[in-house]
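A.B. asks: I am sharing structure.pdb, which consists of PDB, C-alpha atoms:
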ATOM      1  CA  MET A 237     -24.514  -9.342   0.807  1.00  0.00           C
ATOM      2  CA  PRO A 238     -21.880 -11.343   2.718  1.00  0.00           C
ATOM      3  CA  ALA A 239     -20.240  -9.660   5.705  1.00  0.00           C
ATOM      4  CA  MET A 240     -16.622  -8.636   5.298  1.00  0.00           C
ATOM      5  CA  SER A 241     -14.140  -9.654   7.956  1.00  0.00           C
ATOM      6  CA  SER A 242     -10.448  -9.169   8.611  1.00  0.00           C
ATOM      7  CA  PRO A 243      -8.147 -12.192   8.449  1.00  0.00           C
ATOM      8  CA  PRO A 244      -7.304 -13.641  11.871  1.00  0.00           C
ATOM      9  CA  PHE A 245      -3.985 -12.597  13.364  1.00  0.00           C
ATOM     10  CA  GLY A 246      -1.056 -14.184  11.620  1.00  0.00           C
ATOM     11  CA  GLY A 247      -3.485 -15.557   9.063  1.00  0.00           C
ATOM     12  CA  SER A 248      -2.168 -14.132   5.820  1.00  0.00           C
ATOM     13  CA  ASN A 249       1.315 -13.363   4.590  1.00  0.00           C
ATOM     14  CA  GLU A 250      -0.067 -11.296   1.723  1.00  0.00           C
ATOM     15  CA  MET A 251       0.109  -7.970   3.536  1.00  0.00           C
ATOM     16  CA  PRO A 252      -0.010  -4.790   1.449  1.00  0.00           C
ATOM     17  CA  ALA A 253       3.223  -2.798   1.267  1.00  0.00           C
ATOM     18  CA  VAL A 254       1.280   0.421   1.859  1.00  0.00           C
ATOM     19  CA  PHE A 255      -1.259   0.359   4.673  1.00  0.00           C
ATOM     20  CA  PRO A 256      -4.488   2.393   4.820  1.00  0.00           C
ATOM     21  CA  ASP A 257      -4.128   5.921   6.194  1.00  0.00           C
ATOM     22  CA  TRP A 258      -5.459   6.292   9.751  1.00  0.00           C
ATOM     23  CA  SER A 259      -4.854  10.045  10.029  1.00  0.00           C
ATOM     24  CA  PRO A 260      -8.329  11.202   8.853  1.00  0.00           C
ATOM     25  CA  TYR A 261      -9.965   9.387  11.791  1.00  0.00           C
ATOM     26  CA  GLU A 262     -10.281  11.468  14.962  1.00  0.00           C
ATOM     27  CA  ASP A 263     -11.468   8.623  17.203  1.00  0.00           C
ATOM     28  CA  LEU A 264      -9.259   5.722  18.236  1.00  0.00           C
ATOM     29  CA  ASP A 265     -11.751   2.978  17.393  1.00  0.00           C
ATOM     30  CA  SER A 266     -12.160   4.057  13.755  1.00  0.00           C
ATOM     31  CA  ALA A 267      -8.441   4.713  13.247  1.00  0.00           C
ATOM     32  CA  ALA A 268      -7.472   1.329  14.685  1.00  0.00           C
ATOM     33  CA  ARG A 269     -10.033  -0.533  12.576  1.00  0.00           C
ATOM     34  CA  ALA A 270      -8.855   1.253   9.427  1.00  0.00           C
ATOM     35  CA  TYR A 271      -5.137   0.684   9.999  1.00  0.00           C
ATOM     36  CA  LEU A 272      -4.305  -2.262  12.257  1.00  0.00           C
ATOM     37  CA  ARG A 273      -4.418  -5.868  11.162  1.00  0.00           C
ATOM     38  CA  ASP A 274      -5.667  -6.933  14.598  1.00  0.00           C
ATOM     39  CA  PRO A 275      -7.813  -4.050  15.860  1.00  0.00           C
ATOM     40  CA  GLU A 276      -9.992  -6.217  18.104  1.00  0.00           C
ATOM     41  CA  VAL A 277      -6.946  -7.521  20.001  1.00  0.00           C
ATOM     42  CA  ALA A 278      -5.529  -4.010  20.406  1.00  0.00           C
ATOM     43  CA  LEU A 279      -8.776  -2.288  21.391  1.00  0.00           C
ATOM     44  CA  ASP A 280      -9.741  -4.992  23.879  1.00  0.00           C
ATOM     45  CA  ALA A 281      -6.392  -4.572  25.654  1.00  0.00           C
ATOM     46  CA  LEU A 282      -6.448  -0.765  25.541  1.00  0.00           C
ATOM     47  CA  PHE A 283     -10.031  -0.225  26.628  1.00  0.00           C
ATOM     48  CA  GLY A 284      -9.503  -2.686  29.458  1.00  0.00           C
ATOM     49  CA  VAL A 285      -7.005  -0.197  30.901  1.00  0.00           C
ATOM     50  CA  LEU A 286      -8.698   3.052  29.876  1.00  0.00           C
ATOM     51  CA  ARG A 287     -11.966   2.117  31.647  1.00  0.00           C
ATOM     52  CA  GLY A 288     -13.830   5.081  30.168  1.00  0.00           C
ATOM     53  CA  ALA A 289     -10.979   7.611  30.395  1.00  0.00           C
ATOM     54  CA  SER A 290     -10.908  10.162  27.573  1.00  0.00           C
ATOM     55  CA  VAL A 291      -8.339   9.703  24.819  1.00  0.00           C
ATOM     56  CA  LEU A 292      -6.656  13.094  24.311  1.00  0.00           C
ATOM     57  CA  CYS A 293      -4.390  11.968  21.488  1.00  0.00           C
ATOM     58  CA  PHE A 294      -2.920   8.839  19.937  1.00  0.00           C
ATOM     59  CA  THR A 295      -0.527   7.611  17.288  1.00  0.00           C
ATOM     60  CA  LEU A 296      -0.414   4.322  15.399  1.00  0.00           C
ATOM     61  CA  GLU A 297       2.368   2.411  13.668  1.00  0.00           C
ATOM     62  CA  ARG A 298       2.514  -0.769  11.623  1.00  0.00           C
ATOM     63  CA  PHE A 299       5.167  -2.392   9.469  1.00  0.00           C
ATOM     64  CA  VAL A 300       6.227  -5.747   8.121  1.00  0.00           C
ATOM     65  CA  ASN A 301       9.349  -7.266   9.653  1.00  0.00           C
ATOM     66  CA  GLU A 302      11.103  -9.710   7.320  1.00  0.00           C
ATOM     67  CA  VAL A 303      11.741 -12.118  10.207  1.00  0.00           C
ATOM     68  CA  ASN A 304       8.673 -11.936  12.447  1.00  0.00           C
ATOM     69  CA  GLY A 305       5.998 -10.636  10.079  1.00  0.00           C
ATOM     70  CA  VAL A 306       3.633  -7.851  11.119  1.00  0.00           C
ATOM     71  CA  TRP A 307       4.493  -5.444  13.968  1.00  0.00           C
ATOM     72  CA  GLN A 308       1.774  -3.073  15.246  1.00  0.00           C
ATOM     73  CA  GLU A 309       1.742  -0.287  17.842  1.00  0.00           C
ATOM     74  CA  VAL A 310      -0.817   2.032  19.423  1.00  0.00           C
ATOM     75  CA  VAL A 311       0.150   4.794  21.871  1.00  0.00           C
ATOM     76  CA  ILE A 312      -2.545   6.731  23.740  1.00  0.00           C
ATOM     77  CA  CYS A 313      -2.416   9.685  26.120  1.00  0.00           C
ATOM     78  CA  ASP A 314      -5.395  10.101  28.461  1.00  0.00           C
ATOM     79  CA  GLY A 315      -4.086  13.140  30.323  1.00  0.00           C
ATOM     80  CA  SER A 316      -2.328  11.275  33.126  1.00  0.00           C
ATOM     81  CA  ARG A 317      -0.868   8.195  31.429  1.00  0.00           C
ATOM     82  CA  LEU A 318       0.607   6.888  28.225  1.00  0.00           C
ATOM     83  CA  VAL A 319      -0.899   3.520  27.337  1.00  0.00           C
ATOM     84  CA  LEU A 320       1.091   1.527  24.791  1.00  0.00           C
ATOM     85  CA  TRP A 321      -0.011  -1.610  22.986  1.00  0.00           C
ATOM     86  CA  HIS A 322       2.276  -3.710  20.791  1.00  0.00           C
ATOM     87  CA  GLY A 323       1.320  -6.657  18.664  1.00  0.00           C
ATOM     88  CA  GLU A 324       3.950  -8.733  16.900  1.00  0.00           C
ATOM     89  CA  ASP A 325       3.900 -11.981  14.976  1.00  0.00           C
ATOM     90  CA  VAL A 326       5.916 -14.764  16.563  1.00  0.00           C
ATOM     91  CA  ALA A 327       8.960 -15.772  14.515  1.00  0.00           C
ATOM     92  CA  PRO A 328       8.695 -19.071  12.619  1.00  0.00           C
ATOM     93  CA  GLY A 329       9.712 -21.944  14.874  1.00  0.00           C
ATOM     94  CA  ASP A 330       8.996 -20.020  18.087  1.00  0.00           C
ATOM     95  CA  GLY A 331       5.341 -21.057  18.244  1.00  0.00           C
ATOM     96  CA  PRO A 332       2.416 -22.443  16.273  1.00  0.00           C
ATOM     97  CA  VAL A 333       1.803 -20.914  12.843  1.00  0.00           C
ATOM     98  CA  GLY A 334      -0.239 -17.739  13.189  1.00  0.00           C
ATOM     99  CA  SER A 335       0.897 -16.966  16.758  1.00  0.00           C
ATOM    100  CA  MET A 336       1.416 -13.380  17.887  1.00  0.00           C
ATOM    101  CA  THR A 337       2.258 -11.523  21.066  1.00  0.00           C
ATOM    102  CA  SER A 338       0.051  -8.795  22.519  1.00  0.00           C
ATOM    103  CA  SER A 339       1.803  -6.522  25.017  1.00  0.00           C
ATOM    104  CA  LEU A 340       0.534  -3.622  27.096  1.00  0.00           C
ATOM    105  CA  ARG A 341       2.534  -0.984  28.963  1.00  0.00           C
ATOM    106  CA  VAL A 342       1.276   1.920  31.074  1.00  0.00           C
ATOM    107  CA  VAL A 343       3.603   4.875  31.683  1.00  0.00           C
ATOM    108  CA  PRO A 344       2.532   7.662  34.076  1.00  0.00           C
ATOM    109  CA  LEU A 345       3.014  11.104  32.507  1.00  0.00           C
ATOM    110  CA  SER A 346       4.786  12.097  35.724  1.00  0.00           C
ATOM    111  CA  THR A 347       7.711   9.900  34.592  1.00  0.00           C
ATOM    112  CA  VAL A 348       8.167  11.778  31.287  1.00  0.00           C
ATOM    113  CA  THR A 349      11.066  14.162  31.879  1.00  0.00           C
ATOM    114  CA  GLU A 350      11.570  15.488  28.356  1.00  0.00           C
ATOM    115  CA  VAL A 351       9.710  15.662  25.049  1.00  0.00           C
ATOM    116  CA  GLY A 352      11.620  16.233  21.820  1.00  0.00           C
ATOM    117  CA  CYS A 353      10.335  16.781  18.292  1.00  0.00           C
ATOM    118  CA  ARG A 354      12.523  17.173  15.213  1.00  0.00           C
ATOM    119  CA  ARG A 355      11.032  17.984  11.820  1.00  0.00           C
ATOM    120  CA  ARG A 356      12.919  17.836   8.524  1.00  0.00           C
ATOM    121  CA  LEU A 357      11.829  20.569   6.145  1.00  0.00           C
ATOM    122  CA  THR A 358      12.305  20.705   2.409  1.00  0.00           C
ATOM    123  CA  ARG A 359      11.579  23.532  -0.023  1.00  0.00           C
ATOM    124  CA  THR A 360       9.149  23.173  -2.889  1.00  0.00           C
ATOM    125  CA  SER A 361       9.917  24.712  -6.289  1.00  0.00           C
ATOM    126  CA  SER A 362       7.938  27.766  -5.161  1.00  0.00           C
ATOM    127  CA  GLY A 363      10.117  28.130  -2.066  1.00  0.00           C
ATOM    128  CA  GLN A 364       7.465  26.990   0.393  1.00  0.00           C
ATOM    129  CA  ALA A 365       8.707  24.901   3.353  1.00  0.00           C
ATOM    130  CA  ARG A 366       7.221  21.411   3.668  1.00  0.00           C
ATOM    131  CA  VAL A 367       7.665  18.864   6.460  1.00  0.00           C
ATOM    132  CA  ASP A 368       8.845  15.576   4.965  1.00  0.00           C
ATOM    133  CA  SER A 369       9.670  13.699   8.186  1.00  0.00           C
ATOM    134  CA  ILE A 370       9.248  13.940  11.944  1.00  0.00           C
ATOM    135  CA  ASP A 371      10.974  12.214  14.849  1.00  0.00           C
ATOM    136  CA  VAL A 372       9.553  12.390  18.375  1.00  0.00           C
ATOM    137  CA  TYR A 373      11.060  11.103  21.605  1.00  0.00           C
ATOM    138  CA  LEU A 374       9.763  10.957  25.167  1.00  0.00           C
ATOM    139  CA  LEU A 375      12.550  10.589  27.740  1.00  0.00           C
ATOM    140  CA  LEU A 376      11.494   8.728  30.889  1.00  0.00           C
ATOM    141  CA  SER A 377      12.857   8.808  34.419  1.00  0.00           C
ATOM    142  CA  SER A 378      13.086   5.003  34.422  1.00  0.00           C
ATOM    143  CA  VAL A 379      16.374   3.374  33.436  1.00  0.00           C
ATOM    144  CA  ASP A 380      16.732   1.205  30.357  1.00  0.00           C
ATOM    145  CA  ASP A 381      16.756  -2.408  31.567  1.00  0.00           C
ATOM    146  CA  ALA A 382      19.405  -3.547  29.083  1.00  0.00           C
ATOM    147  CA  VAL A 383      21.952  -5.796  30.811  1.00  0.00           C
ATOM    148  CA  PRO A 384      25.599  -4.599  30.632  1.00  0.00           C
ATOM    149  CA  PRO A 385      27.813  -6.998  28.665  1.00  0.00           C
ATOM    150  CA  PRO A 386      29.777  -9.635  30.625  1.00  0.00           C
ATOM    151  CA  GLY A 387      33.138  -8.475  31.898  1.00  0.00           C
ATOM    152  CA  MET A 388      32.156  -4.818  32.213  1.00  0.00           C
ATOM    153  CA  ALA A 389      33.340  -3.297  35.487  1.00  0.00           C
ATOM    154  CA  GLU A 390      30.667  -2.129  37.959  1.00  0.00           C
ATOM    155  CA  GLU A 391      31.660   1.542  37.500  1.00  0.00           C
ATOM    156  CA  GLU A 392      31.480   1.198  33.717  1.00  0.00           C
ATOM    157  CA  GLY A 393      28.102  -0.497  34.016  1.00  0.00           C
ATOM    158  CA  ARG A 394      26.727   2.432  36.000  1.00  0.00           C
ATOM    159  CA  ALA A 395      28.126   4.899  33.478  1.00  0.00           C
ATOM    160  CA  ALA A 396      26.522   2.940  30.623  1.00  0.00           C
ATOM    161  CA  LEU A 397      23.035   3.083  32.156  1.00  0.00           C
ATOM    162  CA  ARG A 398      20.652   5.088  30.007  1.00  0.00           C
ATOM    163  CA  HIS A 399      17.228   6.455  30.700  1.00  0.00           C
ATOM    164  CA  ASP A 400      14.382   4.714  28.956  1.00  0.00           C
ATOM    165  CA  ALA A 401      12.898   6.529  25.972  1.00  0.00           C
ATOM    166  CA  LEU A 402       9.922   6.118  23.672  1.00  0.00           C
ATOM    167  CA  ARG A 403      10.609   7.004  20.040  1.00  0.00           C
ATOM    168  CA  PHE A 404       8.231   7.537  17.136  1.00  0.00           C
ATOM    169  CA  GLY A 405       8.730   8.628  13.548  1.00  0.00           C
ATOM    170  CA  LYS A 406       6.830   9.301  10.347  1.00  0.00           C
ATOM    171  CA  THR A 407       7.940  10.256   6.839  1.00  0.00           C
ATOM    172  CA  LEU A 408       6.211  11.115   3.579  1.00  0.00           C
ATOM    173  CA  ASP A 409       6.930   7.547   2.409  1.00  0.00           C
ATOM    174  CA  ASP A 410       5.977   5.938   5.735  1.00  0.00           C
ATOM    175  CA  GLY A 411       2.675   7.500   6.749  1.00  0.00           C
ATOM    176  CA  GLY A 412       2.409  10.558   4.526  1.00  0.00           C
ATOM    177  CA  PRO A 413       1.635  14.165   5.465  1.00  0.00           C
ATOM    178  CA  GLY A 414      -1.502  13.280   7.432  1.00  0.00           C
ATOM    179  CA  GLN A 415       0.296  10.936   9.831  1.00  0.00           C
ATOM    180  CA  ILE A 416       3.226  13.361  10.127  1.00  0.00           C
ATOM    181  CA  ALA A 417       0.751  16.032  11.254  1.00  0.00           C
ATOM    182  CA  ARG A 418      -0.970  13.667  13.691  1.00  0.00           C
ATOM    183  CA  LEU A 419       2.334  12.614  15.282  1.00  0.00           C
ATOM    184  CA  GLU A 420       3.313  16.267  15.663  1.00  0.00           C
ATOM    185  CA  GLU A 421      -0.060  16.951  17.297  1.00  0.00           C
ATOM    186  CA  PHE A 422       0.536  13.988  19.633  1.00  0.00           C
ATOM    187  CA  SER A 423       3.937  15.358  20.674  1.00  0.00           C
ATOM    188  CA  ARG A 424       2.539  18.845  21.302  1.00  0.00           C
ATOM    189  CA  ILE A 425      -0.310  17.593  23.471  1.00  0.00           C
ATOM    190  CA  VAL A 426       1.994  15.365  25.535  1.00  0.00           C
ATOM    191  CA  ALA A 427       4.524  18.214  25.841  1.00  0.00           C
ATOM    192  CA  SER A 428       1.795  20.569  27.056  1.00  0.00           C
ATOM    193  CA  LEU A 429       0.971  18.151  29.899  1.00  0.00           C
ATOM    194  CA  VAL A 430       4.476  17.267  31.071  1.00  0.00           C
ATOM    195  CA  GLY A 431       5.428  19.003  34.289  1.00  0.00           C
ATOM    196  CA  ARG A 432       1.873  20.033  35.080  1.00  0.00           C
ATOM    197  CA  PRO A 433      -0.536  18.491  37.594  1.00  0.00           C
ATOM    198  CA  THR A 434      -2.071  15.429  35.945  1.00  0.00           C
ATOM    199  CA  LEU A 435      -5.757  15.387  35.045  1.00  0.00           C
TER     200      LEU A 435
END
Would you encode the structure as structure tokens?
C.D. replies:
Amino acid sequence: MPAMSSPPFGGSNEMPAVFPDWSPYEDLDSAARAYLRDPEVALDALFGVLRGASVLCFTLERFVNEVNGVWQEVVICDGSRLVLWHGEDVAPGDGPVGSMTSSLRVVPLSTVTEVGCRRRLTRTSSGQARVDSIDVYLLLSSVDDAVPPPGMAEEEGRAALRHDALRFGKTLDDGGPGQIARLEEFSRIVASLVGRPTL
């Protein structure tokens, strides 16, 4: 029986509109291989930073951008850090066909100043409440590095500075109830660690 393999990054434009559900998988390796287009690229980058550290929780995201193609994200919490990986196809004309970027960011939990979680609830015909979307944000002590527009006065530029934030969302249409629950679990675990001595 021939071995099955995933297409190389940027290799196929025939991406499914609905991606496989990663939420049933408790371990990062299995979830990434089920959901990401380029799991080997992501896992190699992530495990190179984790170096054996335990993964307490994680969330995954993937969508198709009409301009650049596939965009992928993994966010991990190991008890003292958030480790974020992003993979994105390079826009046509900005590189050879099939090119992608692979980016890694490490954020110490000590820099997370606020965790917010908003759920939208709907009522079923029986009156039972059901979560149909969730939005999570992690506010950081670092300042957003966006450059103020030309001509803005120095005082206005200082007033326009905003703290950096990480934002995540899931809906019934984008992820389904399983991924909504996993993102809520992620936010609760991170929130339980913020402000405490790191592991």
A.B. asks: Which residues are near A:Ser259? Cut-off 10 Å, all atoms listed in the file, ignore same chain within fewer than 3 positions. Put them as a PyMOL selection string.
C.D. replies: chain A and resi 256+262-263+267+270-271+295-296+411-419
A.B. asks: For the structure shown, which residues end up in the PyMOL selection byres ((chain A and resi 348) around 10)? Put them as a VMD selection string, please?
C.D. replies: chain A and resid 317 to 318 343 to 347 349 to 351 374 to 378 400 to 402 426 to 427 429 to 431
A.B. asks: Which one of A:Ser369, A:Ser290, A:Ser266, A:Ser339 sits closest to A:Asp314 if you count all atoms listed in the file?
C.D. replies: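 Answer, going by the shortest atom-to-atom distance: A:Ser290.
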A.B. asks: How would you write, as a count of residues only, the residues chosen by the PyMOL selection byres ((chain A and resi 274-289) around 10) on this structure?
C.D. replies: 39
A.B. asks: Could you pull the residues within 7 Å of A:Asp368, counting all atoms listed in the file, minus those fewer than 5 positions along the same chain, as JSON, numbers by chain?
C.D. replies: {"A": [356, 357, 358, 407, 408]}
A.B. asks: Quick check, in Å to one decimal: how far apart do atom CA of A:Ser423 and atom CA of A:Thr360 lie?
C.D. replies: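 These atoms are spaced 25.4 Å apart.
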A.B. asks: Can you sort out the box for stretch 340-354 of chain A, edges along x, y and z, all listed atoms in, 5 Å on every side, with centre and edge lengths in Å to one decimal, as AutoDock Vina command-line options?
C.D. replies:
--center_x 6.5 --center_y 6.8 --center_z 25.5 --size_x 22.0 --size_y 30.8 --size_z 30.5
A.B. asks: Rounded to one decimal place, report the atom CA of A:Val379-atom CA of A:His399 distance in Å.
C.D. replies: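 Going from atom CA of A:Val379 over to atom CA of A:His399, I get 4.2 Å.
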A.B. asks: Please report the interatomic distance between atom CA of A:Pro332 and atom CA of A:Val303 in Å with one decimal.
C.D. replies: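 It comes out at 15.2 Å.
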A.B. asks: Between A:Arg359, A:Ile425, A:Asn304, A:Gly352, which one has atoms that come closest to A:Gly334, using only C-alpha atoms?
C.D. replies: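 The answer is A:Asn304, which sits nearest to A:Gly334.
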A.B. asks: Could you state which residues are captured by the PyMOL selection byres ((chain A and resi 370) around 6) in this file, as a ChimeraX atom specification?
C.D. replies: /A:354-355,369,371,405-406
A.B. asks: Taking all atoms listed in the file into account, name the residue in A:Arg432, A:Arg366, A:Gly305, A:Glu297 that is nearest to A:Ser335.
C.D. replies: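 Distance minimum relative to A:Ser335 lands on A:Gly305.
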